[in-house]
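J.: Sharing model.txt, compact mmCIF, C-alpha atoms:
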```
# COMPACT_ATOMS: atom_id res chain seq x y z
CA MET S 1 -207.48 126.02 -6.82
CA ALA S 2 -210.92 124.94 -8.08
CA LEU S 3 -210.65 122.60 -11.04
CA ASP S 4 -213.41 121.65 -13.47
CA ILE S 5 -213.71 120.55 -17.07
CA ALA S 6 -216.91 122.59 -17.54
CA ALA S 7 -216.54 126.31 -18.14
CA ALA S 8 -220.06 127.00 -16.85
CA SER S 9 -219.27 125.39 -13.49
CA LEU S 10 -216.09 127.46 -13.16
CA GLN S 11 -218.07 130.58 -13.96
CA GLN S 12 -220.36 129.76 -11.03
CA ALA S 13 -217.37 129.11 -8.78
CA ARG S 14 -215.79 132.42 -9.78
CA ALA S 15 -219.04 134.31 -9.15
CA LEU S 16 -219.36 132.69 -5.72
CA ALA S 17 -215.75 133.52 -4.79
CA GLU S 18 -216.28 137.11 -5.87
CA ALA S 19 -219.59 137.45 -4.04
CA GLN S 20 -218.00 136.09 -0.88
CA ALA S 21 -214.83 138.18 -1.41
CA TRP S 22 -212.61 135.12 -1.06
CA PRO S 23 -209.19 136.38 -2.15
CA ASN S 24 -207.33 133.07 -2.52
CA VAL S 25 -209.55 130.87 -4.70
CA GLY S 26 -208.33 130.24 -8.24
CA GLN S 27 -210.30 128.57 -11.03
CA LEU S 28 -208.84 126.39 -13.72
CA GLN S 29 -210.49 124.57 -16.61
CA ALA S 30 -208.74 121.26 -17.19
CA ASP S 31 -209.13 117.56 -17.91
CA ILE S 32 -208.55 115.52 -14.78
CA TYR S 33 -206.71 112.85 -16.78
CA ALA S 34 -204.25 115.46 -18.15
CA LEU S 35 -203.64 117.97 -15.40
CA PRO S 36 -201.46 120.99 -16.15
CA PHE S 37 -199.58 120.88 -12.84
CA PRO S 38 -196.00 119.94 -12.02
CA PRO S 39 -195.90 116.75 -9.95
CA ALA S 40 -195.93 116.78 -6.16
CA GLY S 41 -196.93 120.41 -5.83
CA PHE S 42 -200.02 120.24 -3.59
CA ASP S 43 -200.24 119.61 0.16
CA HIS S 44 -203.83 118.39 0.13
CA LEU S 45 -206.54 117.22 -2.26
CA PHE S 46 -210.26 117.65 -1.64
CA ILE S 47 -212.33 115.50 -3.97
CA SER S 48 -216.08 115.76 -3.66
CA TYR S 49 -218.77 114.10 -5.82
CA LEU S 50 -216.24 113.68 -8.61
CA LEU S 51 -215.33 109.99 -8.82
CA GLU S 52 -218.98 109.00 -9.28
CA HIS S 53 -218.96 110.76 -12.67
CA LEU S 54 -215.68 109.36 -14.05
CA PRO S 55 -215.57 106.40 -16.43
CA ASP S 56 -212.19 105.55 -14.85
CA PRO S 57 -212.23 106.62 -11.19
CA LEU S 58 -208.97 104.80 -10.42
CA GLY S 59 -207.24 106.61 -13.30
CA GLY S 60 -208.63 109.91 -12.00
CA LEU S 61 -207.33 109.23 -8.51
CA LEU S 62 -203.90 108.30 -9.86
CA ALA S 63 -203.75 111.48 -11.96
CA LEU S 64 -204.66 113.62 -8.95
CA LYS S 65 -202.21 111.75 -6.72
CA LYS S 66 -199.35 112.72 -9.03
CA GLY S 67 -199.94 116.36 -8.13
CA LEU S 68 -199.84 115.62 -4.39
CA LYS S 69 -196.65 115.90 -2.33
CA PRO S 70 -195.40 112.69 -0.70
CA GLY S 71 -196.90 112.72 2.80
CA GLY S 72 -199.76 114.90 1.52
CA SER S 73 -203.33 114.08 2.42
CA VAL S 74 -206.55 113.56 0.54
CA VAL S 75 -210.21 113.76 1.53
CA VAL S 76 -212.79 112.15 -0.74
CA VAL S 77 -216.53 112.55 -0.26
CA GLU S 78 -218.95 110.60 -2.42
CA GLY S 79 -222.53 109.38 -2.14
CA ASP S 80 -223.87 105.91 -2.86
CA HIS S 81 -227.28 105.80 -4.50
CA GLY S 82 -227.63 102.14 -3.51
CA SER S 83 -227.69 103.30 0.12
CA CYS S 84 -231.05 104.98 -0.41
CA TYR S 85 -234.25 103.48 0.95
CA PHE S 86 -237.43 104.99 2.20
CA HIS S 87 -240.97 104.45 3.48
CA PRO S 88 -243.52 104.17 2.03
CA ALA S 89 -241.53 102.39 -0.70
CA THR S 90 -243.99 102.23 -3.57
CA ALA S 91 -242.89 100.30 -6.64
CA GLU S 92 -242.97 103.45 -8.78
CA ALA S 93 -240.91 105.53 -6.35
CA GLN S 94 -238.31 102.76 -6.22
CA ARG S 95 -238.25 102.53 -10.01
CA ALA S 96 -237.84 106.31 -10.36
CA TRP S 97 -234.91 106.16 -7.93
CA GLN S 98 -233.42 103.19 -9.76
CA ALA S 99 -233.69 105.19 -13.02
CA LEU S 100 -231.30 107.74 -11.52
CA ILE S 101 -228.72 104.98 -11.01
CA THR S 102 -229.26 103.50 -14.47
CA VAL S 103 -229.03 106.87 -16.26
CA GLN S 104 -225.80 107.78 -14.46
CA ALA S 105 -224.32 104.39 -15.36
CA ALA S 106 -225.32 104.92 -19.01
CA LEU S 107 -223.42 108.23 -18.91
CA GLY S 108 -220.29 106.36 -17.84
CA GLY S 109 -220.53 107.10 -14.13
CA ASN S 110 -221.06 104.97 -11.04
CA SER S 111 -223.45 106.38 -8.45
CA LEU S 112 -222.75 103.38 -6.20
CA ILE S 113 -219.13 104.41 -5.67
CA GLY S 114 -219.31 105.34 -1.98
CA ARG S 115 -218.94 101.71 -0.91
CA GLU S 116 -215.86 101.41 -3.14
CA LEU S 117 -213.79 104.27 -1.73
CA TYR S 118 -211.67 102.03 0.48
CA PRO S 119 -210.51 99.63 -2.26
CA LEU S 120 -210.13 102.48 -4.77
CA LEU S 121 -207.82 104.51 -2.52
CA ARG S 122 -205.85 101.40 -1.61
CA GLN S 123 -205.50 100.43 -5.27
CA ALA S 124 -204.33 103.97 -6.04
CA GLY S 125 -201.51 103.46 -3.54
CA PHE S 126 -202.74 105.66 -0.69
CA GLN S 127 -201.96 104.70 2.90
CA ASN S 128 -203.76 105.11 6.23
CA VAL S 129 -207.07 104.90 4.40
CA VAL S 130 -209.99 105.46 6.76
CA VAL S 131 -213.52 105.44 5.36
CA SER S 132 -216.48 106.49 7.46
CA PRO S 133 -220.12 106.46 6.44
CA ARG S 134 -222.24 109.55 7.09
CA MET S 135 -225.80 108.33 7.18
CA VAL S 136 -228.76 110.65 6.81
CA TYR S 137 -231.90 109.26 8.49
CA ILE S 138 -234.99 111.44 8.46
CA ASP S 139 -238.44 110.91 9.91
CA HIS S 140 -241.30 113.26 10.67
CA SER S 141 -239.69 114.42 13.94
CA GLN S 142 -237.43 116.55 11.67
CA PRO S 143 -239.74 118.19 9.11
CA GLU S 144 -237.19 120.89 8.22
CA LEU S 145 -234.57 118.29 7.33
CA MET S 146 -237.15 116.31 5.35
CA ASP S 147 -237.94 119.46 3.41
CA LEU S 148 -234.32 120.41 2.79
CA PHE S 149 -233.02 116.95 1.93
CA VAL S 150 -235.90 115.09 0.30
CA ARG S 151 -238.14 117.80 -1.14
CA ARG S 152 -235.46 120.26 -2.19
CA THR S 153 -232.42 118.06 -2.93
CA ILE S 154 -233.28 114.41 -3.60
CA ASN S 155 -236.54 114.85 -5.47
CA PRO S 156 -235.26 117.52 -7.90
CA MET S 157 -232.21 115.30 -8.53
CA VAL S 158 -234.48 112.40 -9.50
CA GLU S 159 -236.67 114.69 -11.60
CA GLY S 160 -233.52 115.85 -13.39
CA VAL S 161 -233.12 112.52 -15.20
CA LYS S 162 -236.72 112.34 -16.45
CA GLU S 163 -235.80 113.00 -20.08
CA GLN S 164 -233.07 110.35 -20.18
CA ALA S 165 -235.22 107.85 -18.23
CA MET S 166 -238.05 108.31 -20.75
CA ALA S 167 -235.65 108.07 -23.69
CA MET S 168 -234.19 104.85 -22.29
CA GLY S 169 -237.71 103.46 -21.74
CA LEU S 170 -237.05 102.81 -18.04
CA LEU S 171 -240.57 103.86 -17.02
CA ASP S 172 -243.59 105.06 -18.91
CA GLN S 173 -244.89 108.57 -18.32
CA ALA S 174 -247.61 107.52 -15.85
CA ALA S 175 -245.31 105.35 -13.72
CA TRP S 176 -242.68 108.11 -13.67
CA GLN S 177 -245.19 110.72 -12.55
CA LYS S 178 -246.57 108.44 -9.82
CA GLY S 179 -243.03 107.70 -8.63
CA ILE S 180 -242.21 111.40 -8.36
CA ASP S 181 -245.55 112.16 -6.72
CA ASP S 182 -244.96 109.34 -4.21
CA LEU S 183 -241.57 110.80 -3.28
CA TYR S 184 -243.17 114.19 -2.62
CA ARG S 185 -246.01 112.59 -0.65
CA LEU S 186 -243.45 110.77 1.47
CA ALA S 187 -241.84 114.10 2.36
CA ASP S 188 -245.23 115.37 3.57
CA SER S 189 -246.50 112.27 5.33
CA PRO S 190 -246.17 111.81 9.11
CA ALA S 191 -245.30 108.19 8.27
CA GLY S 192 -242.55 109.04 5.77
CA THR S 193 -238.94 108.10 6.43
CA PHE S 194 -235.86 108.47 4.22
CA CYS S 195 -232.29 107.12 4.39
CA TYR S 196 -229.18 107.97 2.40
CA THR S 197 -225.51 107.48 3.19
CA PHE S 198 -222.49 109.54 2.16
CA PHE S 199 -218.97 108.19 2.53
CA LYS S 200 -215.92 110.19 3.59
CA ALA S 201 -212.43 108.83 3.07
CA VAL S 202 -209.19 110.27 4.37
CA ALA S 203 -205.80 108.95 3.28
CA VAL S 204 -202.15 109.86 2.86
CA LYS S 205 -199.76 109.62 -0.08
CA PRO S 206 -196.77 107.53 1.03
CA LEU S 207 -193.44 109.23 1.58
CA GLU S 208 -191.76 106.61 -0.56
CA ARG S 209 -192.30 107.57 -4.18
CA GLY S 210 -191.58 104.20 -5.71
CA GLU S 211 -195.11 103.74 -6.96
CA GLU S 212 -195.18 106.86 -9.09
CA MET U 1 -239.34 88.24 32.11
CA ALA U 2 -238.32 86.66 28.77
CA LEU U 3 -241.31 85.97 26.57
CA ASP U 4 -241.48 83.73 23.52
CA ILE U 5 -244.06 81.67 21.68
CA ALA U 6 -241.49 78.93 20.97
CA ALA U 7 -240.70 76.47 23.76
CA ALA U 8 -237.30 75.66 22.26
CA SER U 9 -236.24 79.30 22.41
CA LEU U 10 -237.32 79.57 26.04
CA GLN U 11 -235.35 76.43 26.80
CA GLN U 12 -232.24 78.12 25.43
CA ALA U 13 -232.98 81.26 27.44
CA ARG U 14 -233.42 79.21 30.61
CA ALA U 15 -230.15 77.33 30.02
CA LEU U 16 -228.33 80.62 29.47
CA ALA U 17 -229.77 82.21 32.61
CA GLU U 18 -228.78 79.13 34.63
CA ALA U 19 -225.28 78.99 33.12
CA GLN U 20 -224.77 82.67 33.95
CA ALA U 21 -226.42 82.28 37.38
CA TRP U 22 -228.80 85.16 36.68
CA PRO U 23 -231.28 84.94 39.57
CA ASN U 24 -233.99 87.28 38.30
CA VAL U 25 -234.80 86.16 34.75
CA GLY U 26 -238.13 84.44 34.24
CA GLN U 27 -239.30 82.63 31.11
CA LEU U 28 -242.85 82.53 29.86
CA GLN U 29 -244.32 80.90 26.79
CA ALA U 30 -247.12 83.07 25.42
CA ASP U 31 -248.74 84.56 22.33
CA ILE U 32 -247.83 88.20 21.98
CA TYR U 33 -251.36 89.03 20.79
CA ALA U 34 -252.89 87.48 23.96
CA LEU U 35 -250.51 88.23 26.80
CA PRO U 36 -251.31 86.75 30.23
CA PHE U 37 -250.39 89.91 32.16
CA PRO U 38 -252.54 92.42 34.02
CA PRO U 39 -252.46 95.80 32.28
CA ALA U 40 -249.94 98.49 33.17
CA GLY U 41 -247.69 96.22 35.22
CA PHE U 42 -244.28 96.75 33.59
CA ASP U 43 -241.92 99.72 33.86
CA HIS U 44 -240.06 99.02 30.63
CA LEU U 45 -240.30 96.96 27.46
CA PHE U 46 -237.31 95.72 25.48
CA ILE U 47 -238.29 94.52 22.01
CA SER U 48 -235.54 93.14 19.82
CA TYR U 49 -235.84 91.54 16.37
CA LEU U 50 -239.48 90.74 17.06
CA LEU U 51 -241.61 93.09 14.96
CA GLU U 52 -239.91 91.95 11.73
CA HIS U 53 -241.48 88.50 12.24
CA LEU U 54 -245.05 89.57 13.05
CA PRO U 55 -247.81 89.63 10.43
CA ASP U 56 -249.30 92.54 12.42
CA PRO U 57 -246.47 94.54 14.00
CA LEU U 58 -248.77 97.40 15.02
CA GLY U 59 -251.08 94.93 16.77
CA GLY U 60 -248.09 93.41 18.55
CA LEU U 61 -246.91 96.81 19.72
CA LEU U 62 -250.39 97.70 20.97
CA ALA U 63 -250.65 94.41 22.88
CA LEU U 64 -247.27 94.96 24.52
CA LYS U 65 -248.12 98.59 25.30
CA LYS U 66 -251.14 97.46 27.34
CA GLY U 67 -248.78 95.78 29.78
CA LEU U 68 -246.68 98.93 30.18
CA LYS U 69 -247.31 101.46 32.97
CA PRO U 70 -248.25 104.98 31.85
CA GLY U 71 -244.98 106.89 31.72
CA GLY U 72 -243.13 103.62 31.12
CA SER U 73 -240.52 103.37 28.39
CA VAL U 74 -239.85 101.09 25.47
CA VAL U 75 -236.73 100.28 23.45
CA VAL U 76 -237.14 98.61 20.07
CA VAL U 77 -234.23 97.28 18.02
CA GLU U 78 -234.81 95.94 14.51
CA GLY U 79 -232.78 95.48 11.37
CA ASP U 80 -233.68 96.48 7.82
CA HIS U 81 -232.58 94.08 5.12
CA GLY U 82 -233.10 96.78 2.51
CA SER U 83 -230.23 98.68 4.16
CA CYS U 84 -227.75 96.03 3.02
CA TYR U 85 -225.34 96.67 0.17
CA PHE U 86 -221.86 95.49 -0.54
CA HIS U 87 -218.93 95.38 -2.94
CA PRO U 88 -218.33 93.50 -5.16
CA ALA U 89 -222.09 93.35 -5.76
CA THR U 90 -222.44 90.45 -8.17
CA ALA U 91 -225.91 89.79 -9.55
CA GLU U 92 -226.05 86.39 -7.85
CA ALA U 93 -225.01 87.71 -4.42
CA GLN U 94 -227.66 90.41 -4.69
CA ARG U 95 -230.29 87.85 -5.71
CA ALA U 96 -229.35 85.56 -2.80
CA TRP U 97 -229.70 88.48 -0.40
CA GLN U 98 -233.02 89.47 -2.00
CA ALA U 99 -234.22 85.88 -1.51
CA LEU U 100 -233.82 86.36 2.24
CA ILE U 101 -236.22 89.34 2.08
CA THR U 102 -238.70 87.51 -0.17
CA VAL U 103 -238.74 84.35 1.98
CA GLN U 104 -239.32 86.34 5.18
CA ALA U 105 -242.17 88.23 3.50
CA ALA U 106 -243.71 84.92 2.37
CA LEU U 107 -243.61 83.78 6.02
CA GLY U 108 -245.68 86.84 6.97
CA GLY U 109 -242.80 88.98 8.22
CA ASN U 110 -241.22 92.23 7.06
CA SER U 111 -237.44 92.36 7.13
CA LEU U 112 -237.56 95.99 5.96
CA ILE U 113 -239.19 97.15 9.19
CA GLY U 114 -236.28 99.18 10.60
CA ARG U 115 -237.20 102.21 8.49
CA GLU U 116 -240.79 101.95 9.77
CA LEU U 117 -240.13 102.10 13.52
CA TYR U 118 -240.92 105.78 13.81
CA PRO U 119 -244.37 105.67 12.20
CA LEU U 120 -245.19 102.34 13.91
CA LEU U 121 -244.44 103.66 17.40
CA ARG U 122 -246.32 106.87 16.69
CA GLN U 123 -249.31 104.95 15.34
CA ALA U 124 -249.25 102.79 18.48
CA GLY U 125 -249.65 105.96 20.54
CA PHE U 126 -246.15 106.25 21.98
CA GLN U 127 -244.66 109.69 22.65
CA ASN U 128 -241.13 111.15 22.55
CA VAL U 129 -240.27 108.69 19.81
CA VAL U 130 -236.59 108.95 18.85
CA VAL U 131 -235.22 106.61 16.20
CA SER U 132 -231.50 106.36 15.52
CA PRO U 133 -229.79 104.26 12.86
CA ARG U 134 -226.83 102.11 13.85
CA MET U 135 -224.92 101.54 10.66
CA VAL U 136 -222.35 98.79 10.29
CA TYR U 137 -219.73 99.61 7.63
CA ILE U 138 -216.90 97.15 7.15
CA ASP U 139 -213.89 97.19 4.86
CA HIS U 140 -210.64 95.27 4.86
CA SER U 141 -209.12 97.55 7.51
CA GLN U 142 -211.26 95.55 9.98
CA PRO U 143 -210.81 91.88 9.05
CA GLU U 144 -212.03 90.62 12.45
CA LEU U 145 -215.31 92.51 12.09
CA MET U 146 -215.67 91.25 8.50
CA ASP U 147 -215.23 87.72 9.80
CA LEU U 148 -217.65 88.10 12.70
CA PHE U 149 -220.36 90.01 10.87
CA VAL U 150 -220.27 88.81 7.26
CA ARG U 151 -218.72 85.36 7.41
CA ARG U 152 -220.23 84.19 10.68
CA THR U 153 -223.51 86.10 10.92
CA ILE U 154 -224.78 87.42 7.59
CA ASN U 155 -223.73 84.57 5.31
CA PRO U 156 -225.14 81.76 7.51
CA MET U 157 -228.38 83.77 7.78
CA VAL U 158 -228.63 83.90 3.97
CA GLU U 159 -227.74 80.22 3.67
CA GLY U 160 -230.52 79.46 6.16
CA VAL U 161 -233.23 80.24 3.60
CA LYS U 162 -231.78 78.09 0.83
CA GLU U 163 -234.50 75.45 1.06
CA GLN U 164 -237.35 77.98 0.91
CA ALA U 165 -235.63 80.00 -1.83
CA MET U 166 -235.27 76.86 -3.95
CA ALA U 167 -238.85 75.81 -3.23
CA MET U 168 -240.10 79.24 -4.25
CA GLY U 169 -237.99 79.11 -7.41
CA LEU U 170 -236.22 82.40 -6.60
CA LEU U 171 -232.86 81.15 -7.90
CA ASP U 172 -231.68 77.95 -9.47
CA GLN U 173 -229.11 75.83 -7.67
CA ALA U 174 -226.12 77.18 -9.62
CA ALA U 175 -227.03 80.84 -9.17
CA TRP U 176 -227.68 80.27 -5.47
CA GLN U 177 -224.30 78.61 -4.97
CA LYS U 178 -222.49 81.36 -6.86
CA GLY U 179 -224.29 84.01 -4.80
CA ILE U 180 -223.24 82.35 -1.54
CA ASP U 181 -219.69 81.81 -2.81
CA ASP U 182 -219.51 85.48 -3.85
CA LEU U 183 -220.55 86.58 -0.37
CA TYR U 184 -217.78 84.47 1.18
CA ARG U 185 -215.25 85.74 -1.38
CA LEU U 186 -216.23 89.31 -0.51
CA ALA U 187 -215.41 88.60 3.14
CA ASP U 188 -211.92 87.44 2.11
CA SER U 189 -211.13 90.04 -0.54
CA PRO U 190 -209.04 93.15 0.24
CA ALA U 191 -211.54 94.99 -1.98
CA GLY U 192 -214.65 93.74 -0.14
CA THR U 193 -216.94 96.13 1.70
CA PHE U 194 -220.26 95.51 3.47
CA CYS U 195 -222.96 97.77 4.88
CA TYR U 196 -225.99 97.03 7.06
CA THR U 197 -228.05 99.29 9.30
CA PHE U 198 -229.91 98.50 12.51
CA PHE U 199 -232.48 100.88 13.95
CA LYS U 200 -233.01 101.65 17.62
CA ALA U 201 -236.15 103.39 18.81
CA VAL U 202 -236.86 104.74 22.27
CA ALA U 203 -240.28 106.01 23.29
CA VAL U 204 -242.60 106.59 26.23
CA LYS U 205 -246.17 105.54 26.93
CA PRO U 206 -248.19 108.70 27.62
CA LEU U 207 -249.39 109.38 31.16
CA GLU U 208 -252.89 110.03 29.86
CA ARG U 209 -254.50 106.65 29.36
CA GLY U 210 -257.27 107.75 27.02
CA GLU U 211 -255.99 105.74 24.10
CA GLU U 212 -256.11 102.38 25.87
```
In structure tokens, write the structure found in this file.

T.:
Amino acid sequence: MALDIAAASLQQARALAEAQAWPNVGQLQADIYALPFPPAGFDHLFISYLLEHLPDPLGGLLALKKGLKPGGSVVVVEGDHGSCYFHPATAEAQRAWQALITVQAALGGNSLIGRELYPLLRQAGFQNVVVSPRMVYIDHSQPELMDLFVRRTINPMVEGVKEQAMAMGLLDQAAWQKGIDDLYRLADSPAGTFCYTFFKAVAVKPLERGEE
Amino acid sequence: MALDIAAASLQQARALAEAQAWPNVGQLQADIYALPFPPAGFDHLFISYLLEHLPDPLGGLLALKKGLKPGGSVVVVEGDHGSCYFHPATAEAQRAWQALITVQAALGGNSLIGRELYPLLRQAGFQNVVVSPRMVYIDHSQPELMDLFVRRTINPMVEGVKEQAMAMGLLDQAAWQKGIDDLYRLADSPAGTFCYTFFKAVAVKPLERGEE
């Protein structure tokens, strides 16, 4: 069951499931804080790049946990934009990256949530919480990975907040453009390196249901 | 052969070697930019937390490489203070950590050098350069590691630059003390998490000696 509040995203999910001829993938439009499921119906939750966008990630986790069977498991995968650093680290490239964090915070999200998965899952009452970082390190010995990750994933993501960053006055037009250009130059340069870390958490809903 | 420019450090190394009854460890006081060795005499170099302190890390690498036999290998281990992030990330704790980076830069070093090992070794003419990050992630599921790494290693290191940070006006006394207190509270808190990444590089000096 794929769940989203945005109809457009579900449309994409449906098209993908049809194109791949996946027979057992349902789509449902719903608000995570008011889920239309009976309690304790699911065996497993997979939560990916969701909590970073929620104004109340703990509330979201608690709402999802209600739908999970006691003894059921959860996997959470989130990034942490504060884990990102690179070389050469020009002032403008760092400011453009920082704008991504600031814009997401202004939208009510928290792009630094990866480092918080352990306390969040504990506070939500999960047990056996194990968090492991998944660090991406790229240098010029892996030009294909640099292309895929920096040029085609990271840089477009940064460019995606240009309008909001300008509107918030985080950088002027020239500084923004130099920051973006520097990030693309880094991806081309034999001296360029790039680091980013994802966090994966696994945990279990306790068999005792006292906390619900 | 343990090499250092500081007599006090060599004294410690000598005492350790004697206490452990290591028969084959020599100590030599020397300037890394003017090493008293014939060229191409060593089979292997082990460089650890050195380049971060050099005003000219490339020059240091080149000087050390002269002493290495063609086909000889090198291992370099350095940290990267820009790889550090934590939760809770109070403004004062972040400023205290940033002071460590600023003070080391003012002393002519570069505590962000881990991310630069690949281009540095390539620029120094090494081949088969492979850099791998060694990330330390700690949450409250590992209280002993939190104690060893944050309370007994990281926090004293930050506290060590207090005098210079005050002299440089990076923080006032109250902000500094709150930053340090916050770092110790983090180590105690069930919600505290801490991340730091070391970088290890291995490489080989080419058999062709044209670049020397």

J.: Select, as an mmCIF file with C-alpha atoms, in the coordinates of the input, those residues of chain U with any atom no more than 9 Å from chain S (distances computed using all atoms listed in the file).

T.:
```
data_model
loop_
_atom_site.group_PDB
_atom_site.id
_atom_site.type_symbol
_atom_site.label_atom_id
_atom_site.label_comp_id
_atom_site.auth_asym_id
_atom_site.auth_seq_id
_atom_site.Cartn_x
_atom_site.Cartn_y
_atom_site.Cartn_z
ATOM 1 C CA GLY U 82 -233.100 96.780 2.510
ATOM 2 C CA SER U 83 -230.230 98.680 4.160
ATOM 3 C CA CYS U 84 -227.750 96.030 3.020
ATOM 4 C CA TYR U 85 -225.340 96.670 0.170
ATOM 5 C CA PHE U 86 -221.860 95.490 -0.540
ATOM 6 C CA HIS U 87 -218.930 95.380 -2.940
ATOM 7 C CA PRO U 88 -218.330 93.500 -5.160
ATOM 8 C CA ARG U 115 -237.200 102.210 8.490
ATOM 9 C CA GLU U 116 -240.790 101.950 9.770
ATOM 10 C CA TYR U 118 -240.920 105.780 13.810
ATOM 11 C CA PRO U 119 -244.370 105.670 12.200
ATOM 12 C CA LEU U 120 -245.190 102.340 13.910
ATOM 13 C CA ARG U 122 -246.320 106.870 16.690
ATOM 14 C CA GLN U 123 -249.310 104.950 15.340
ATOM 15 C CA VAL U 129 -240.270 108.690 19.810
ATOM 16 C CA VAL U 130 -236.590 108.950 18.850
ATOM 17 C CA VAL U 131 -235.220 106.610 16.200
ATOM 18 C CA SER U 132 -231.500 106.360 15.520
ATOM 19 C CA PRO U 133 -229.790 104.260 12.860
ATOM 20 C CA MET U 135 -224.920 101.540 10.660
ATOM 21 C CA VAL U 136 -222.350 98.790 10.290
ATOM 22 C CA TYR U 137 -219.730 99.610 7.630
ATOM 23 C CA ASP U 139 -213.890 97.190 4.860
ATOM 24 C CA HIS U 140 -210.640 95.270 4.860
ATOM 25 C CA SER U 141 -209.120 97.550 7.510
ATOM 26 C CA PRO U 190 -209.040 93.150 0.240
ATOM 27 C CA ALA U 191 -211.540 94.990 -1.980
ATOM 28 C CA GLY U 192 -214.650 93.740 -0.140
ATOM 29 C CA THR U 193 -216.940 96.130 1.700
ATOM 30 C CA PHE U 194 -220.260 95.510 3.470
ATOM 31 C CA CYS U 195 -222.960 97.770 4.880
#
```

J.: List the spatial neighbours of region 51-59 of chain U as a PyMOL selection string - criterion: any atom at most 7 Å away, all atoms listed in the file, same-chain residues fewer than 2 positions off excluded.

T.: chain U and resi 49+61-63+108-111+113+120+124

J.: Write the residues of the selection above to a file with C-alpha atoms, as a PDB file, in the frame of the given file.

T.:
```pdb
ATOM      1  CA  TYR U  49    -235.840  91.540  16.370  1.00  0.00           C
ATOM      2  CA  LEU U  61    -246.910  96.810  19.720  1.00  0.00           C
ATOM      3  CA  LEU U  62    -250.390  97.700  20.970  1.00  0.00           C
ATOM      4  CA  ALA U  63    -250.650  94.410  22.880  1.00  0.00           C
ATOM      5  CA  GLY U 108    -245.680  86.840   6.970  1.00  0.00           C
ATOM      6  CA  GLY U 109    -242.800  88.980   8.220  1.00  0.00           C
ATOM      7  CA  ASN U 110    -241.220  92.230   7.060  1.00  0.00           C
ATOM      8  CA  SER U 111    -237.440  92.360   7.130  1.00  0.00           C
ATOM      9  CA  ILE U 113    -239.190  97.150   9.190  1.00  0.00           C
ATOM     10  CA  LEU U 120    -245.190 102.340  13.910  1.00  0.00           C
ATOM     11  CA  ALA U 124    -249.250 102.790  18.480  1.00  0.00           C
TER      12      ALA U 124
END
```

J.: Show me the residues close to (-230.3, 86.5, -1.1) - anything with an atom within 6 Å, counting only C-alpha atoms - and format the list as an NGL selection string.

T.: :U and (94-100 or 158)

J.: Just the number, please: distance in Å from CA of Ile180 (chain U) to CA of Lys162 (chain U), one decimal.

T.: 9.8 Å

J.: I'd like the interatomic distance between CA of Leu45 (chain S) and CA of Val202 (chain S), to a tenth of an Å.

T.: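 Computed distance, CA of Leu45 (chain S) to CA of Val202 (chain S), equals 10.0 Å.
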
J.: Every residue with an atom at most 10 Å from (-246.2, 103.0, 37.0) (file coordinates; only C-alpha atoms) is what I'm after, so could you write them as a list in words?

T.: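 Taken together, the residues in range are Ala40, Gly41, Phe42, Asp43, His44, Leu68, Lys69, Pro70, Gly71, Gly72 and Leu207 of chain U.
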
J.: What is the CA of Met157 (chain U)-CA of Glu78 (chain U) distance in Å, reported with one decimal?

T.: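 CA of Glu78 (chain U) lies at a distance of 15.3 Å from CA of Met157 (chain U).
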
J.: Do a neighbour search on Arg14 (chain U) at 12 Å with all atoms listed in the file, toss out local chain neighbours closer than 3 positions, and write the hits as a list of chain:residue names.

T.: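 These residues fall inside the cut-off: U:Met1, U:Ala2, U:Leu3, U:Asp4, U:Ala7, U:Ala8, U:Ser9, U:Leu10, U:Gln11, U:Ala17, U:Glu18, U:Ala19, U:Gln20, U:Ala21, U:Trp22, U:Pro23, U:Asn24, U:Val25, U:Gly26, U:Gln27, U:Leu28, U:Gln29.
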
J.: Select, from U:Val204, U:Leu170, U:Val103, U:Leu64, the residue with the minimum atom-to-atom distance to Pro39 (chain U), counting only C-alpha atoms.

T.: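 Distance minimum relative to Pro39 (chain U) lands on U:Leu64.
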
J.: With a distance cut-off of 6 Å and all atoms listed in the file, select the neighbouring residues of Asp31 (chain U), excluding the residue or stretch itself and same-chain residues fewer than 2 positions from it, and output the selection as a list in words.

T.: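 The residues that qualify are Ile5, Tyr33 and Ala34 of chain U.
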
J.: For the selection you just gave me, I'd like the residues written to a file as a PDB file, in the coordinates of the input, keeping C-alpha atoms.

T.:
```
ATOM      1  CA  ILE U   5    -244.060  81.670  21.680  1.00  0.00           C
ATOM      2  CA  TYR U  33    -251.360  89.030  20.790  1.00  0.00           C
ATOM      3  CA  ALA U  34    -252.890  87.480  23.960  1.00  0.00           C
TER       4      ALA U  34
END
```

J.: Excluding Ala175 (chain U) and residues on its chain fewer than 4 positions from it, collect all residues at most 8 Å away from it, counting all atoms listed in the file, and give them as a PyMOL selection string.

T.: chain U and resi 92+171+179

J.: U:Ala93, U:Ala106, U:Ile47, U:Ile101: which is nearest Ala203 (chain U), counting all atoms listed in the file?

T.: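 Among the listed residues, the smallest separation from Ala203 (chain U) belongs to U:Ile47.
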